[in-house]
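**Student:** Hey, dropping data.csv in here, CSV, C-alpha atoms:
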```
chain,number,residue,atom,x,y,z
A,294,MET,CA,234.0,-200.4,92.6
A,295,VAL,CA,231.3,-197.8,92.8
A,296,SER,CA,233.1,-195.8,95.4
A,297,TYR,CA,236.4,-196.0,93.4
A,298,MET,CA,234.6,-194.7,90.3
A,299,SER,CA,233.1,-191.9,92.4
A,300,VAL,CA,236.5,-190.9,93.7
A,301,LEU,CA,237.9,-190.9,90.2
A,302,LEU,CA,235.1,-188.8,88.8
A,303,TYR,CA,235.3,-186.4,91.7
A,304,GLY,CA,239.1,-186.2,91.2
A,305,VAL,CA,238.7,-185.5,87.5
A,306,GLY,CA,236.0,-183.0,88.2
A,307,GLY,CA,238.2,-181.2,90.8
A,308,ILE,CA,241.0,-180.9,88.3
A,309,VAL,CA,238.7,-179.4,85.7
A,310,VAL,CA,237.3,-176.9,88.2
A,311,ALA,CA,240.7,-176.0,89.4
A,312,GLY,CA,241.9,-175.6,85.8
A,313,MET,CA,239.0,-173.4,85.0
A,314,ALA,CA,239.6,-171.2,88.0
A,315,LEU,CA,243.3,-170.8,87.1
A,316,LEU,CA,242.5,-170.0,83.5
A,317,VAL,CA,239.8,-167.5,84.3
A,318,ALA,CA,241.8,-165.7,87.0
A,319,PHE,CA,245.5,-165.8,85.9
A,320,GLN,CA,245.7,-166.5,82.2
A,321,GLU,CA,246.8,-163.0,81.3
A,322,LYS,CA,249.5,-163.1,83.9
A,323,LEU,CA,250.8,-166.3,82.4
A,324,VAL,CA,250.7,-165.1,78.8
A,325,TYR,CA,251.7,-161.4,79.2
A,326,VAL,CA,254.6,-160.4,81.5
A,327,PRO,CA,255.1,-156.7,81.4
A,328,VAL,CA,257.7,-156.8,84.2
A,329,LEU,CA,260.1,-159.6,84.8
A,330,PRO,CA,261.2,-160.4,88.4
A,331,GLY,CA,264.0,-158.1,89.5
A,332,LEU,CA,263.4,-155.6,86.7
A,333,THR,CA,261.3,-152.4,86.6
A,334,LYS,CA,258.7,-151.4,84.0
A,335,SER,CA,260.5,-148.1,83.3
A,336,TYR,CA,263.4,-148.1,80.8
A,337,PRO,CA,266.8,-148.5,82.6
A,338,ILE,CA,268.6,-147.1,79.6
A,339,ASN,CA,267.7,-145.6,76.2
A,340,PRO,CA,269.4,-146.1,72.8
A,341,ALA,CA,271.6,-143.0,73.3
A,342,ARG,CA,273.4,-144.9,76.1
A,343,LEU,CA,274.6,-147.3,73.5
A,344,ARG,CA,275.5,-144.6,71.1
A,345,LEU,CA,272.5,-145.3,68.8
A,346,MET,CA,270.7,-142.5,66.9
A,347,TYR,CA,267.0,-142.8,67.7
A,348,GLU,CA,263.7,-141.1,67.6
A,349,ASP,CA,260.9,-141.3,70.3
A,350,VAL,CA,257.7,-142.2,68.5
A,351,TRP,CA,254.2,-142.0,70.0
A,352,LEU,CA,251.3,-143.8,68.3
A,353,ARG,CA,247.6,-144.3,68.8
A,354,SER,CA,246.2,-147.8,68.3
A,355,HIS,CA,242.9,-148.1,66.5
A,356,ASP,CA,241.0,-148.1,69.8
A,357,GLY,CA,242.8,-145.0,71.0
A,358,VAL,CA,245.4,-146.5,73.3
A,359,ARG,CA,248.6,-144.5,73.4
A,360,LEU,CA,251.8,-146.4,72.5
A,361,HIS,CA,255.5,-145.7,72.7
A,362,ALA,CA,258.2,-146.8,70.3
A,363,TRP,CA,261.8,-146.2,69.4
A,364,PHE,CA,262.9,-145.8,65.8
A,365,ILE,CA,266.6,-146.5,65.6
A,366,LYS,CA,268.3,-145.9,62.2
A,367,PHE,CA,271.5,-147.2,60.9
A,368,PHE,CA,274.1,-144.5,59.9
A,369,PRO,CA,277.5,-145.6,58.8
A,370,ASP,CA,279.1,-142.4,60.1
A,371,CYS,CA,276.7,-141.2,62.7
A,372,GLN,CA,276.3,-142.2,66.3
A,373,GLY,CA,274.9,-140.0,69.0
A,374,SER,CA,271.9,-138.9,70.9
A,375,ASN,CA,268.2,-138.5,70.6
A,376,ASN,CA,267.4,-136.6,67.5
A,377,SER,CA,264.3,-136.6,65.4
A,378,VAL,CA,266.1,-135.0,62.4
A,379,PHE,CA,268.1,-137.8,60.8
A,380,PRO,CA,271.0,-137.2,58.3
A,381,ARG,CA,270.1,-138.2,54.7
A,382,LYS,CA,273.0,-140.6,54.4
A,383,CYS,CA,271.5,-143.9,55.6
A,384,ARG,CA,270.8,-147.3,54.4
A,385,LYS,CA,267.0,-147.6,53.8
A,386,TYR,CA,266.5,-151.1,55.2
A,387,PRO,CA,263.7,-151.0,57.6
A,388,ILE,CA,263.1,-153.9,60.0
A,389,ILE,CA,260.3,-153.9,62.5
A,390,GLY,CA,262.7,-155.2,65.1
A,391,ASN,CA,261.0,-155.8,68.4
A,392,ILE,CA,257.5,-154.7,67.3
A,393,VAL,CA,256.4,-158.2,67.7
A,394,MET,CA,258.7,-159.5,70.4
A,395,ILE,CA,257.6,-160.4,73.8
A,396,ILE,CA,259.4,-157.6,75.6
A,397,ILE,CA,259.1,-156.3,79.1
A,398,ASN,CA,260.7,-153.0,78.5
A,399,ILE,CA,262.1,-152.2,75.1
A,400,ALA,CA,265.4,-151.1,76.7
A,401,HIS,CA,266.0,-154.7,77.8
A,402,ARG,CA,266.5,-155.7,74.2
A,403,LEU,CA,268.9,-152.9,73.3
A,404,GLU,CA,272.1,-154.9,73.4
A,405,MET,CA,270.8,-157.4,70.8
A,406,VAL,CA,269.4,-154.5,68.7
A,407,ARG,CA,272.8,-152.7,68.8
A,408,ILE,CA,274.5,-155.8,67.4
A,409,MET,CA,271.7,-156.3,64.9
A,410,ILE,CA,272.2,-152.8,63.5
A,411,GLN,CA,275.9,-153.3,63.3
A,412,ARG,CA,275.8,-156.8,61.7
A,413,LEU,CA,272.8,-156.3,59.3
A,414,GLN,CA,273.2,-152.6,58.7
A,415,CYS,CA,269.4,-152.1,59.2
A,416,ASN,CA,267.0,-149.8,60.8
A,417,VAL,CA,265.0,-151.0,63.8
A,418,PHE,CA,261.5,-150.0,65.0
A,419,MET,CA,260.9,-151.1,68.5
A,420,LEU,CA,257.4,-150.9,69.9
A,421,SER,CA,256.2,-151.4,73.5
A,422,TYR,CA,252.7,-152.8,73.0
A,423,ARG,CA,250.0,-151.9,75.4
A,424,GLY,CA,250.8,-152.5,79.1
A,425,TYR,CA,254.5,-152.7,78.4
A,426,GLY,CA,257.1,-150.0,78.9
A,427,ALA,CA,255.7,-146.5,78.5
A,428,SER,CA,252.7,-147.6,76.6
A,429,ASP,CA,249.2,-147.3,78.1
A,430,GLY,CA,246.5,-149.9,78.5
A,431,TYR,CA,246.4,-153.6,79.3
A,432,PRO,CA,247.6,-156.4,77.1
A,433,SER,CA,245.1,-158.7,75.2
A,434,GLN,CA,245.3,-160.5,71.9
A,435,ARG,CA,242.9,-158.2,70.2
A,436,GLY,CA,244.7,-155.1,71.5
A,437,ILE,CA,248.2,-156.2,70.7
A,438,THR,CA,247.2,-157.2,67.2
A,439,MET,CA,245.9,-153.6,66.7
A,440,ASP,CA,249.1,-152.2,68.2
A,441,ALA,CA,251.3,-154.1,65.8
A,442,GLN,CA,249.1,-152.9,62.9
A,443,ALA,CA,249.3,-149.3,64.1
A,444,ALA,CA,253.1,-149.6,64.1
A,445,LEU,CA,253.2,-151.0,60.6
A,446,GLU,CA,250.9,-148.3,59.3
A,447,HIS,CA,253.2,-145.7,60.9
A,448,LEU,CA,256.1,-147.1,59.0
A,449,SER,CA,254.2,-147.3,55.8
A,450,GLN,CA,253.5,-143.6,55.9
A,451,ARG,CA,257.1,-142.5,56.5
A,452,THR,CA,259.1,-141.0,53.7
A,453,ASP,CA,262.6,-141.5,55.1
A,454,ILE,CA,262.6,-145.3,54.6
A,455,ASP,CA,262.0,-147.8,51.9
A,456,THR,CA,258.6,-149.1,52.8
A,457,SER,CA,258.8,-152.0,50.4
A,458,ARG,CA,261.5,-153.6,52.5
A,459,VAL,CA,259.9,-154.0,55.9
A,460,VAL,CA,260.7,-157.3,57.7
A,461,VAL,CA,258.9,-158.5,60.8
A,462,PHE,CA,261.0,-160.1,63.5
A,463,GLY,CA,259.4,-162.0,66.4
A,464,ARG,CA,260.5,-164.1,69.2
A,465,SER,CA,258.2,-166.3,71.4
A,466,LEU,CA,254.9,-164.3,71.8
A,467,GLY,CA,256.4,-161.8,69.4
A,468,GLY,CA,256.5,-164.5,66.7
A,469,ALA,CA,252.8,-165.1,67.2
A,470,VAL,CA,252.0,-161.4,66.8
A,471,GLY,CA,254.4,-161.2,63.9
A,472,ALA,CA,252.7,-164.1,62.1
A,473,VAL,CA,249.3,-162.4,62.3
A,474,LEU,CA,250.8,-159.1,61.2
A,475,THR,CA,252.5,-160.7,58.2
A,476,LYS,CA,249.5,-162.7,57.1
A,477,ASN,CA,247.2,-159.6,57.3
A,478,ASN,CA,249.6,-157.4,55.3
A,479,PRO,CA,251.0,-159.2,52.3
A,480,ASP,CA,251.5,-155.9,50.5
A,481,LYS,CA,253.3,-154.2,53.4
A,482,VAL,CA,255.5,-156.9,54.9
A,483,ALA,CA,258.4,-158.3,52.8
A,484,ALA,CA,259.4,-161.2,55.0
A,485,LEU,CA,259.0,-162.8,58.4
A,486,ILE,CA,261.6,-164.0,60.9
A,487,LEU,CA,260.4,-166.3,63.7
A,488,GLU,CA,262.6,-167.3,66.7
A,489,ASN,CA,261.6,-169.8,69.3
A,490,THR,CA,257.9,-169.3,68.8
A,491,PHE,CA,255.1,-171.6,70.0
A,492,THR,CA,252.4,-173.3,68.0
A,493,SER,CA,249.7,-171.8,70.2
A,494,ILE,CA,249.0,-170.7,73.8
A,495,LEU,CA,246.6,-173.6,73.9
A,496,ASP,CA,249.5,-176.0,73.4
A,497,MET,CA,251.7,-174.1,75.8
A,498,ALA,CA,249.1,-174.4,78.5
A,499,GLY,CA,250.0,-178.1,78.8
A,500,VAL,CA,253.7,-177.1,79.1
A,501,LEU,CA,253.2,-174.5,81.8
A,502,LEU,CA,250.4,-176.4,83.6
A,503,PRO,CA,251.0,-180.1,82.8
A,504,PHE,CA,247.9,-181.3,84.6
A,505,LEU,CA,245.8,-179.4,82.1
A,506,LYS,CA,247.2,-180.9,79.0
A,507,TRP,CA,244.3,-183.4,78.6
A,508,PHE,CA,241.7,-180.6,78.9
A,509,ILE,CA,243.2,-177.9,76.8
A,510,GLY,CA,245.2,-177.9,73.6
A,511,GLY,CA,245.5,-177.0,70.0
A,512,SER,CA,244.3,-178.7,66.9
A,513,SER,CA,246.8,-181.5,67.3
A,514,SER,CA,245.8,-182.3,70.9
A,515,LYS,CA,244.4,-185.7,71.6
A,516,GLY,CA,242.4,-184.7,74.7
A,517,PRO,CA,238.8,-183.5,75.0
A,518,ARG,CA,239.9,-179.8,75.0
A,519,ILE,CA,236.9,-178.8,77.1
A,520,LEU,CA,238.7,-175.8,78.6
A,521,ASN,CA,239.7,-174.2,75.3
A,522,CYS,CA,236.7,-172.0,75.3
A,523,LEU,CA,238.0,-170.2,78.4
A,524,VAL,CA,241.2,-169.1,76.8
A,525,ARG,CA,241.0,-165.4,75.8
A,526,SER,CA,244.4,-165.2,74.1
A,527,PRO,CA,244.9,-168.4,72.1
A,528,TRP,CA,247.5,-167.0,69.7
A,529,SER,CA,247.2,-170.0,67.4
A,530,THR,CA,250.1,-169.5,65.1
A,531,ILE,CA,249.9,-173.0,63.8
A,532,ASP,CA,246.5,-172.2,62.3
A,533,ILE,CA,247.7,-169.2,60.3
A,534,ILE,CA,251.3,-169.9,59.4
A,535,GLY,CA,250.3,-171.9,56.4
A,536,GLU,CA,248.4,-168.8,55.0
A,537,ILE,CA,251.6,-166.6,54.9
A,538,THR,CA,252.9,-166.2,51.4
A,539,GLN,CA,256.0,-164.1,52.2
A,540,PRO,CA,259.4,-165.7,52.8
A,541,ILE,CA,259.8,-167.0,56.4
A,542,LEU,CA,263.0,-167.7,58.3
A,543,PHE,CA,262.7,-170.1,61.3
A,544,LEU,CA,265.4,-169.8,64.0
A,545,SER,CA,265.2,-172.6,66.6
A,546,GLY,CA,267.3,-172.8,69.8
A,547,LEU,CA,267.4,-176.5,70.6
A,548,GLN,CA,268.0,-175.9,74.3
A,549,ASP,CA,264.9,-173.7,74.7
A,550,GLU,CA,263.7,-174.1,78.2
A,551,MET,CA,260.4,-172.3,77.7
A,552,VAL,CA,259.0,-173.4,74.3
A,553,PRO,CA,259.7,-177.0,73.3
A,554,PRO,CA,261.7,-176.9,70.1
A,555,PHE,CA,259.3,-179.3,68.3
A,556,HIS,CA,256.8,-176.3,68.2
A,557,MET,CA,259.1,-174.6,65.8
A,558,GLN,CA,259.4,-177.8,63.7
A,559,LEU,CA,255.6,-178.1,63.5
A,560,LEU,CA,255.3,-174.5,62.4
A,561,TYR,CA,257.9,-174.9,59.7
A,562,ALA,CA,256.3,-178.1,58.4
A,563,LYS,CA,252.9,-176.4,58.2
A,564,ALA,CA,254.4,-173.3,56.5
A,565,ALA,CA,256.6,-175.2,54.1
A,566,ALA,CA,253.8,-177.4,52.9
A,567,ARG,CA,252.4,-174.3,51.1
A,568,ASN,CA,255.2,-171.8,51.0
A,569,ARG,CA,258.4,-172.9,49.2
A,570,ARG,CA,260.3,-169.8,50.5
A,571,CYS,CA,260.7,-171.2,54.1
A,572,ILE,CA,264.1,-171.8,55.7
A,573,PHE,CA,264.6,-173.7,59.0
A,574,VAL,CA,267.9,-173.3,60.9
A,575,GLU,CA,268.8,-174.9,64.3
A,576,PHE,CA,271.2,-173.6,66.9
A,577,PRO,CA,272.3,-176.5,69.2
A,578,THR,CA,273.1,-174.4,72.3
A,579,GLY,CA,270.5,-171.8,71.9
A,580,MET,CA,268.1,-171.2,74.8
A,581,HIS,CA,264.8,-169.3,74.7
A,582,MET,CA,266.2,-165.8,75.1
A,583,ASP,CA,269.9,-166.2,74.1
A,584,THR,CA,269.8,-168.0,70.8
A,585,TRP,CA,271.2,-164.8,69.2
A,586,LEU,CA,274.1,-164.9,71.6
A,587,ALA,CA,274.7,-168.6,71.6
A,588,GLY,CA,274.5,-168.7,67.8
A,589,GLY,CA,277.2,-166.1,67.4
A,590,ASP,CA,278.5,-165.4,63.9
A,591,HIS,CA,276.4,-168.2,62.4
A,592,TYR,CA,273.2,-166.6,63.7
A,593,TRP,CA,273.8,-163.2,62.1
A,594,LYS,CA,275.1,-164.6,58.8
A,595,THR,CA,272.0,-166.8,58.6
A,596,ILE,CA,269.7,-163.7,58.8
A,597,GLN,CA,272.0,-161.7,56.6
A,598,LEU,CA,271.8,-164.2,53.8
A,599,PHE,CA,268.1,-164.7,54.2
A,600,LEU,CA,267.6,-160.9,53.7
A,601,GLU,CA,270.0,-160.8,50.7
A,602,GLN,CA,268.1,-163.6,49.0
A,603,ASN,CA,264.5,-162.5,49.8
A,604,VAL,CA,264.6,-158.7,50.4
A,605,PRO,CA,267.2,-157.4,48.0
A,606,GLU,CA,268.1,-153.8,47.5
A,607,THR,CA,266.6,-152.1,44.4
A,608,LYS,CA,269.1,-150.8,41.9
A,609,GLU,CA,268.0,-147.2,42.7
A,610,ILE,CA,268.9,-147.6,46.4
A,611,GLN,CA,272.3,-149.2,45.5
A,612,LEU,CA,273.1,-146.3,43.2
A,613,SER,CA,272.0,-143.8,45.9
A,614,HIS,CA,274.4,-145.4,48.3
A,615,ASN,CA,277.2,-145.2,45.8
A,616,ASP,CA,276.5,-141.6,45.1
A,617,ASN,CA,276.7,-140.8,48.8
A,618,GLY,CA,279.9,-142.7,49.2
A,619,PHE,CA,278.4,-145.5,51.2
A,620,ARG,CA,280.0,-148.8,50.6
A,621,GLY,CA,277.3,-151.1,52.1
A,622,GLY,CA,275.8,-152.5,48.9
A,623,LYS,CA,275.3,-156.2,48.6
A,624,MET,CA,276.9,-158.2,51.4
A,625,ASN,CA,279.3,-161.0,50.4
A,626,HIS,CA,277.8,-164.4,50.5
A,627,TRP,CA,279.4,-166.4,53.3
A,628,HIS,CA,278.5,-169.9,51.9
A,629,GLN,CA,276.1,-171.5,49.5
A,630,ASP,CA,272.5,-170.6,49.5
A,631,LEU,CA,270.5,-171.8,52.5
A,632,LYS,CA,268.3,-174.8,51.9
A,633,PRO,CA,265.2,-175.8,53.8
A,634,VAL,CA,266.0,-178.4,56.4
A,635,GLY,CA,264.1,-181.7,56.1
A,636,LEU,CA,262.3,-182.7,59.3
A,637,SER,CA,262.7,-186.2,60.6
A,638,ASP,CA,259.7,-188.3,61.6
A,639,ASP,CA,261.0,-188.9,65.2
```
What is this structure when it is put down as structure tokens?

**Tutor:**
Amino acid sequence: MVSYMSVLLYGVGGIVVAGMALLVAFQEKLVYVPVLPGLTKSYPINPARLRLMYEDVWLRSHDGVRLHAWFIKFFPDCQGSNNSVFPRKCRKYPIIGNIVMIIINIAHRLEMVRIMIQRLQCNVFMLSYRGYGASDGYPSQRGITMDAQAALEHLSQRTDIDTSRVVVFGRSLGGAVGAVLTKNNPDKVAALILENTFTSILDMAGVLLPFLKWFIGGSSSKGPRILNCLVRSPWSTIDIIGEITQPILFLSGLQDEMVPPFHMQLLYAKAAARNRRCIFVEFPTGMHMDTWLAGGDHYWKTIQLFLEQNVPETKEIQLSHNDNGFRGGKMNHWHQDLKPVGLSDD
């Protein structure tokens, strides 16, 4: 019996030590992936290749790290090349598109952004945070939080957009960053859209490394969580989502192979308990990265209606569009207002 217990204790101890070694040595590589296998860090294409008008933007984060971004604006009658001087006839509908998305190189999201601009008639600000794309530095939670804030401050100072209508869109890690940015800026962010986002990196550790799930986890974990102190980038969205007062749209792909869909359900439940302006929409065939594609027309109309209801145009902007001959205006409602989806207990 003594020898059996000794073996058991040694085994548990070995797992803990191995887990500690993995967390200390490789956690940034598990959380941040600047380059996917088979792809390069440099941009394979730029927005002009997709006939999108864009501006190269270079920023400085608060700690001095140099960041690169693209600002792509919607023009009903303009498509073309890189040009920092934009025509005046445009719809002032700024969306921080991929500022908070987990992107390897911003060019790898351009096809989705192209369709987003067409369907939503919006502007998109795409940021490569530190260590990604052409941006300098190395990714960390503190650093990326500062990068997102620097991008928002840049938009807030622009005179060619309506700064009262900035919407943060985030997928996966981008959703975690977006939640922090939205919570910290209730006066600068009008709404938040989360897609396939995890509750926390602590909870995801048990998904990526199942043998660690008893030693690391978020607030809902039943294990001892003795390794939590070693996690440098916890990104605990579940702990801040309930503090967000702006409208939130949750887009959940039920075939997500990376983040278990119940993470999104937990986030929605936590947010909706305090915020009545939360909408939860499921896409049965959506996977982690292709929910926008699998969701098709339903996906884009869901976002369109959410924006109509929660970030409406001001009368001044609508009159300006009419004066310029632009017939965008209010988009037609495609069905009755979206309602929050009740969560089942199972």

**Student:** In the coordinate frame of the file, compute which residues have an atom within 12 Å of (252.2, -154.2, 45.2) when using all atoms listed in the file, and state them as a CSV table (one decimal) with C-alpha atoms, in the frame of the given file.

**Tutor:**
```csv
chain,number,residue,atom,x,y,z
A,456,THR,CA,258.6,-149.1,52.8
A,457,SER,CA,258.8,-152.0,50.4
A,458,ARG,CA,261.5,-153.6,52.5
A,478,ASN,CA,249.6,-157.4,55.3
A,479,PRO,CA,251.0,-159.2,52.3
A,480,ASP,CA,251.5,-155.9,50.5
A,481,LYS,CA,253.3,-154.2,53.4
A,482,VAL,CA,255.5,-156.9,54.9
A,483,ALA,CA,258.4,-158.3,52.8
```

**Student:** Per residue of segment 477-501 of chain A within 9 Å of segment 526-544 of chain A, note the shortest atom pair and the distance in Å to one decimal, counting only C-alpha atoms, and order the rows by chain and increasing residue number, as CSV.

**Tutor:**
```
residue,atom,partner,partner_atom,distance
A:Asn477,CA,A:Ile537,CA,8.6
A:Pro479,CA,A:Gln539,CA,7.0
A:Val482,CA,A:Gln539,CA,7.7
A:Ala483,CA,A:Gln539,CA,6.3
A:Ala484,CA,A:Pro540,CA,5.0
A:Leu485,CA,A:Ile541,CA,4.7
A:Ile486,CA,A:Leu542,CA,4.7
A:Leu487,CA,A:Phe543,CA,5.0
A:Glu488,CA,A:Leu544,CA,4.6
A:Asn489,CA,A:Leu544,CA,6.5
A:Thr490,CA,A:Thr530,CA,8.6
A:Phe491,CA,A:Thr530,CA,7.3
A:Thr492,CA,A:Ile531,CA,4.9
A:Ser493,CA,A:Ser529,CA,4.2
A:Ile494,CA,A:Pro527,CA,5.0
A:Leu495,CA,A:Pro527,CA,5.8
A:Asp496,CA,A:Ser529,CA,8.8
```

**Student:** Under the rule that all atoms listed in the file are counted, which of A:Ala498, A:Val406, A:Lys366, A:Glu321 is the nearest residue to Val552 of chain A?

**Tutor:**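 Selected residue with least distance to Val552 of chain A: A:Ala498.
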
**Student:** Report, in Å to a single decimal, how far apart atom CA of Gly546 of chain A and atom CA of Arg342 of chain A are.

**Tutor:** 29.2 Å

**Student:** List the spatial neighbours of Phe508 of chain A as a list of chain:residue names - criterion: any atom at most 6 Å away, all atoms listed in the file, same-chain residues fewer than 4 positions off excluded.

**Tutor:**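 These residues fall inside the cut-off: A:Gly516, A:Pro517, A:Arg518, A:Ile519, A:Leu520.
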
**Student:** Just C-alpha atoms for this one: save the residues we selected as a CSV table (one decimal), keeping the file's coordinate frame.

**Tutor:**
```csv
chain,number,residue,atom,x,y,z
A,516,GLY,CA,242.4,-184.7,74.7
A,517,PRO,CA,238.8,-183.5,75.0
A,518,ARG,CA,239.9,-179.8,75.0
A,519,ILE,CA,236.9,-178.8,77.1
A,520,LEU,CA,238.7,-175.8,78.6
```

**Student:** Work out how far atom CA of Asp349 of chain A is from atom CA of Gly468 of chain A, in Å to one decimal.

**Tutor:**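 Computing it gives 23.9 Å between the two atoms.
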
**Student:** Find the residues near segment 581-587 of chain A: any atom within 8 Å, counting all atoms listed in the file, skip ones fewer than 3 places away on the same chain, and give them as an NGL selection string.

**Tutor:** :A and (405 or 465 or 489 or 545-546 or 548-552 or 576 or 578 or 592-593)

**Student:** Hey, which of A:Arg402, A:Arg464, A:Arg423, A:His556 ends up closest to Val358 of chain A? Count all atoms listed in the file.

**Tutor:**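 Checking each candidate against Val358 of chain A, we get A:Arg423 as the closest.
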
**Student:** Between A:Asp429, A:Gly424, A:Asn416, A:Phe504, which residue has the minimum interatomic distance to Val460 of chain A, considering all atoms listed in the file?

**Tutor:** A:Asn416

**Student:** To one decimal in Å, tell me the separation between atom CA of Leu345 of chain A and atom CA of Ile365 of chain A.

**Tutor:** 6.8 Å

**Student:** Would you list the residues near (248.6, -157.7, 65.7), meaning any protein, DNA or RNA residue with an atom at most 9 Å from that point in file coordinates, counting only C-alpha atoms, as number ranges by chain?

**Tutor:** A: 393, 434-443, 469-475, 477

**Student:** Could N, CA and C atoms be built for segment 469-480 of chain A and written out as a tab-separated table (two decimals), keeping the file's coordinate frame?

**Tutor:**
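What landed in part-v2.tsv:
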```tsv
chain	number	residue	atom	x	y	z
A	469	ALA	N	254.20	-164.97	67.42
A	469	ALA	CA	252.80	-165.10	67.20
A	469	ALA	C	252.15	-163.86	66.67
A	470	VAL	N	252.52	-162.73	67.28
A	470	VAL	CA	252.00	-161.40	66.80
A	470	VAL	C	252.53	-161.14	65.42
A	471	GLY	N	253.79	-161.44	65.19
A	471	GLY	CA	254.40	-161.20	63.90
A	471	GLY	C	253.75	-162.00	62.78
A	472	ALA	N	253.39	-163.24	63.09
A	472	ALA	CA	252.70	-164.10	62.10
A	472	ALA	C	251.39	-163.49	61.67
A	473	VAL	N	250.63	-163.01	62.64
A	473	VAL	CA	249.30	-162.40	62.30
A	473	VAL	C	249.54	-161.13	61.49
A	474	LEU	N	250.50	-160.29	61.89
A	474	LEU	CA	250.80	-159.10	61.20
A	474	LEU	C	251.20	-159.34	59.72
A	475	THR	N	252.05	-160.33	59.54
A	475	THR	CA	252.50	-160.70	58.20
A	475	THR	C	251.43	-161.21	57.33
A	476	LYS	N	250.62	-162.10	57.89
A	476	LYS	CA	249.50	-162.70	57.10
A	476	LYS	C	248.52	-161.59	56.70
A	477	ASN	N	248.24	-160.64	57.59
A	477	ASN	CA	247.20	-159.60	57.30
A	477	ASN	C	247.74	-158.52	56.36
A	478	ASN	N	249.06	-158.49	56.09
A	478	ASN	CA	249.60	-157.40	55.30
A	478	ASN	C	250.61	-157.91	54.25
A	479	PRO	N	250.14	-158.70	53.30
A	479	PRO	CA	251.00	-159.20	52.30
A	479	PRO	C	251.66	-158.18	51.40
A	480	ASP	N	251.02	-157.01	51.33
A	480	ASP	CA	251.50	-155.90	50.50
A	480	ASP	C	252.44	-154.97	51.25
```
